[in-house]
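Colleague: Below you will find the structure I want to go over with you.
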Amino acid sequence: QVQVLESGGDLVQAGGSLRLSCAATGSWFSADVMGWYRQAPGKERELVATCTRNGITNYADSAKGRFTCSRGRAKNTVYLQMNSLEPEDTAVYFCNARLGDPVEDYWGQGTQVTVSS
């Protein structure tokens with residue numbers, strides 16, 4: 001059974017940094033794509049960033065230049081380095097892993113990021 005677990009969310013002041021971590025365990029498969037999404041109160045879940053095993057990244061416009069998505073050496077791990085955080089970045093951040101044959105989406109429970117002004 002695949003489990004996706006995120007960590008690293010916290011309360012931080014505007015201008016600060018956080019690093020989110022995620023690991024997807026319980027699968028024989030290696031996820032080609034893993035990524036981060038976020039959901040703020042009263043809003044839809046939105047893409048933040050994705051990154052592939054071979055280093056291809058994709059970012060939402062709001063994340064470009066401030067956030068970095070990277071894959072870890074360990075199987076099915078992904079990180080999100082967030083710099084220059086703004087109050088608008090406040091949300092629950094969810095990790096996503098695309099695994100299996102056929103491919104399915106697996107989600108973590110989310111980690112809260114709160115940026116104070």
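Naming scheme: A, B, ... for chains in displayed order of the structure tokens; residues 1 onward per chain; ligands 1 onward as shown.
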List as a ChimeraX atom specification the protein and nucleic acid residues near stretch 4-13 of chain A, meaning an atom at most 12 Å away when only C-alpha atoms are counted, but skip any in the same chain fewer than 4 places from it.

Modeller: /A:17-27,31,34-38,76-99,105-117

Colleague: Which residues come within 12 Å of A:Asn54, counting only C-alpha atoms, excluding same-chain residues fewer than 4 positions away, as a VMD selection string?

Modeller: chain A and resid 30 to 34 50 70 to 73

Colleague: Just C-alpha atoms for this one: save the residues we selected as a JSON list (two decimals), in the first residue's frame.

Modeller:
[["chain", "number", "residue", "atom", "x", "y", "z"],
["A", 30, "SER", "CA", 9.74, 4.61, -9.16],
["A", 31, "ALA", "CA", 7.72, 7.76, -9.67],
["A", 32, "ASP", "CA", 8.74, 9.59, -12.81],
["A", 33, "VAL", "CA", 6.92, 12.71, -11.64],
["A", 34, "MET", "CA", 6.49, 13.97, -8.11],
["A", 50, "THR", "CA", 6.66, 19.28, -10.23],
["A", 70, "SER", "CA", 14.23, 18.67, -6.34],
["A", 71, "ARG", "CA", 14.31, 14.90, -6.17],
["A", 72, "GLY", "CA", 16.24, 13.12, -3.48],
["A", 73, "ARG", "CA", 18.72, 10.28, -3.85]]

Colleague: Measuring between only C-alpha atoms, which one of A:Gln1, A:Leu47, A:Arg53, A:Asp101 shows the shortest distance to A:Ala74?

Modeller: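 Of all the options, A:Arg53 lies closest to A:Ala74.
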
Colleague: If you run DSSP over the backbone, which residues in chain A end up strand (DSSP E)? Put them as a PyMOL selection string.

Modeller: chain A and resi 3-7+11-13+18-25+33-39+46-52+57-59+67-71+77-82+91-99+104-107+111-116
